[in-house]
Each structure stands twice: as structure tokens, then as C-alpha cells.
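Student: Please see the structure below; I have some questions.
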Amino acid sequence: MHRLSRRDFIARTVAASSTVALCGGGALPILADGTPALPIVVFSKVYQELKLSFDDAAAVTAEAGIDGIDCPVRPGGEVLPEHVTGELPQYASALRKRGLQMPLLTTAITGVASPHTVEILRTAKKLGVKFYRLGFIIRESNASASKQVREFKAQLKDLAALNKQVGIGAIVQNHSPSGQTYVGGDLTELYEIVKDFDPTQIGVAFDIGHALVVHGDGWHPHFEKLKPHLKIAYVKDVKREGRWVPFGTGDIGSTGYFKLLRELNYQAPVSLHIEFDWTDGGKAKTRAALVKALQESARVLRHWLASA
């Protein structure tokens, strides 16, 4: 059997410990090479299609073999911002009963003046949430891109200070146009937004699917610049032309992205996003169909991660 050097053993032990801490505890599966498998959490926006209760959502997550959730706490989300202090602890409790975690939130926060920002962040911190995704800034046709980037950065300065005070990190996601264009969807803009911030306070949720749609195979040089700011990897499968598809049927698996994550020694949770139609046009909008979609998606994602 291959024997690890003392240095390698210590490095792997530290990496495993960091992952368990970020994921909120519990032992992680071990890969064939002795490294811990990355925790996978589902962006639970998909649960809203079945209007699942918190207990049902936790049960579906456990049945699908997924490690936890990335919870939408925003207008129209699973948890409404005005209800966060009461409902988010209930959701976290339902997950813990099944050994599941809630390391991430998705919010509409774009600055300290966003409604219920302080309540959301303080409640999240108490529950062990490590990062929350910021809301989107819609591109204005009558304003230059550089002007909107400057304005967004200015808003984030006070938010970064609040994050430091609370002990939580914000992440900015790159998003391709979807009827409207978002500031930071272009990776050059995203770098300009985050480059001057401490990544522990304002980091990046890198979405390889949206990066592929916006930049084609030219996403890689942008990723290299953003690496120091990367905090969370978002994964969904997509065709290059912008069509979201079931995991394993699109172009994400052949991008080389997961090898880059391994080379970076990425140890945080991976947020799995279901953007394809798992209901067969609404004909199979059932709990069983959702569990199946989650299981199959997670299986493909784990294969990508393990074989990188």
C-alpha cells in the first residue's frame, strides 16, 4: 500500500478537518486516494415547486443522499426575509435531525440597506452558515457598465464591514443573461467587483455553467484571475448555447473545471443546482421524480469530482 509522507498526511488531515468544519460536522465519505469527498448541497429553490415543508425537504434531501441544502432566504424563497429569525432555525433543526447541514444561503442582499440584512446574517451565523450569496444587480440600459460596477462596489464596502463584524462571508455569483443582464455576469466585471475586497468578506460563487454560456471555452483565463477569490463552486449542466440539461448530458463534464478545483485543493461544499425540467413538462411533478432527479444529478456530480 502506498504510504503517505508525514507532510502529506498532515496536509490531508488539515484539509479533511477544514471540510468537516465548513460543513458543520459529521464524517465525510473517503475517496479511493484517501481524500475526503466534497460535501454536496442542493440549491433548494427546486423544493418550492412541490411546496415542501421543512421536514419534508429534509427527508427528500436525506433520501437523495445529498449532504445538505443551500437555502433561498429572499422574497419568494423557501424562507422569507421577514420570517428568518423564526423559520430558518426550524429548517436547520429539521436538517440536523437527519444529519444534514445548511452551510449556504442564497439571498437578495446587495448592501446593508437591503431589507432584514442584519437579521438574516446574525441568524445565519448562529446556525453555522458560512456563506450567503448576494442578490443580483440588473444592468441598466442608460448607465455604463463601469459606472454600475463602481456603484455596486461602493455598496459592498459597508456590507464587507458588517460581514467581518458578524463573522460570515458574502459571495457574488456570475450569471448569464436570462431575459435581463446582470452586473458581474461577465467574468471581467466580476473580477473588478471583488478584486479589492478581502475574500473572506466578499468572495466568489463561481458558476461554471453560466461562465460557459457567457464566455464559451474562453472562461478559463478569467477563472485563473478569480481563483484567489473563489469560495463556493456552483454546478449545473448546460449546452454551450445556453440550454440547461440533466447532469451528464451537457458540456460541463468536458470543461476540465473539476480538475482545476482539485488542483486548488478546493474543500468547501459544492452547490448543486437543478435548472433542467425534472417534471417531464409537468406530467411527473412528484416527490419520487424529484428524489430521482436529485439522486441522478448527485451521482454524476460525484463522478466528475472523483475522476478529476
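Ordering of the C-alpha cells sets the chain letters (A, B, ...), residue numbers begin anew at 1 in every chain, and ligands are numbered from 1 in the order given.
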Please provide the set of residues having any atom within 10 Å of range 213-229 of chain A, restricted to only C-alpha atoms, with same-chain residues fewer than 4 positions apart removed, written as a PyMOL selection string.

Tutor: chain A and resi 171-172+174-177+185-188+190-192+194-195+197-206+208-209+238-243+255-257+260-261+264

Student: Distance table requested - range 211-280 of chain A against range 52-73 of chain A, cut-off 9 Å, only C-alpha atoms: one row per qualifying residue with the closest atom pair and its distance in Å to one decimal, ordered by chain and rising residue number, as a tab-separated table.

Tutor:
```
residue	atom	partner	partner_atom	distance
A:Pro269	CA	A:Asp67	CA	9.0
A:Ser271	CA	A:Asp70	CA	6.7
A:Leu272	CA	A:Asp70	CA	8.6
```

Student: Can you write out the residues you just picked, keeping C-alpha atoms, as a PDB file, in the first residue's frame?

Tutor:
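Okay, this is what ended up in selection-v3.pdb:
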```pdb
ATOM      1  CA  PRO A 269     -19.303  22.377  -0.250  1.00  0.00           C
ATOM      2  CA  SER A 271     -23.820  23.711  -4.546  1.00  0.00           C
ATOM      3  CA  LEU A 272     -25.822  21.548  -6.972  1.00  0.00           C
TER       4      LEU A 272
END
```

Student: So that I can check the surroundings of range 99-109 of chain A, please list as a VMD selection string every protein, DNA and RNA residue that reaches within 9 Å of it, counting only C-alpha atoms and ignoring chain neighbours fewer than 2 positions away.

Tutor: chain A and resid 22 to 26 41 43 58 61 to 62 66 to 75 77 81 91 to 92 94 to 97 111 to 117 120 124 127 to 136 269 271

Student: I'd like the interatomic distance between CA of Tyr47 in chain A and CA of Glu296 in chain A, to a tenth of an Å.

Tutor: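 Atom-to-atom, CA of Tyr47 in chain A and CA of Glu296 in chain A are spaced 16.1 Å apart.
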
Student: Pick the closest to Arg122 in chain A from A:Ser44, A:Thr85, A:Asn265, A:Ser178: which is it, counting only C-alpha atoms?

Tutor: A:Thr85

Student: From a backbone DSSP assignment, name each residue in range 16-240 of chain A labelled strand (DSSP E), as a VMD selection string.

Tutor: chain A and resid 40 to 43 68 to 73 101 to 107 131 to 133 169 to 173 202 to 207 230 to 235

Student: Hey, which of A:Arg98, A:Arg139, A:Lys45, A:Lys231 ends up closest to Val270 in chain A? Count only C-alpha atoms.

Tutor: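 Looking only at the distances to Val270 in chain A, the closest residue turns out to be A:Lys231.
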
Student: Tell me, which residues of range 23-241 of chain A carry DSSP helix (DSSP H, G or I), written as a ChimeraX atom specification?

Tutor: /A:23,44-50,54-63,81-96,117-126,145-166,187-194,208-229

Student: List the spatial neighbours of Ala160 in chain A as JSON, numbers by chain - criterion: any atom at most 8 Å away, only C-alpha atoms, same-chain residues fewer than 2 positions off excluded.

Tutor: {"A": [156, 157, 158, 162, 163, 164, 170, 197, 201, 202]}
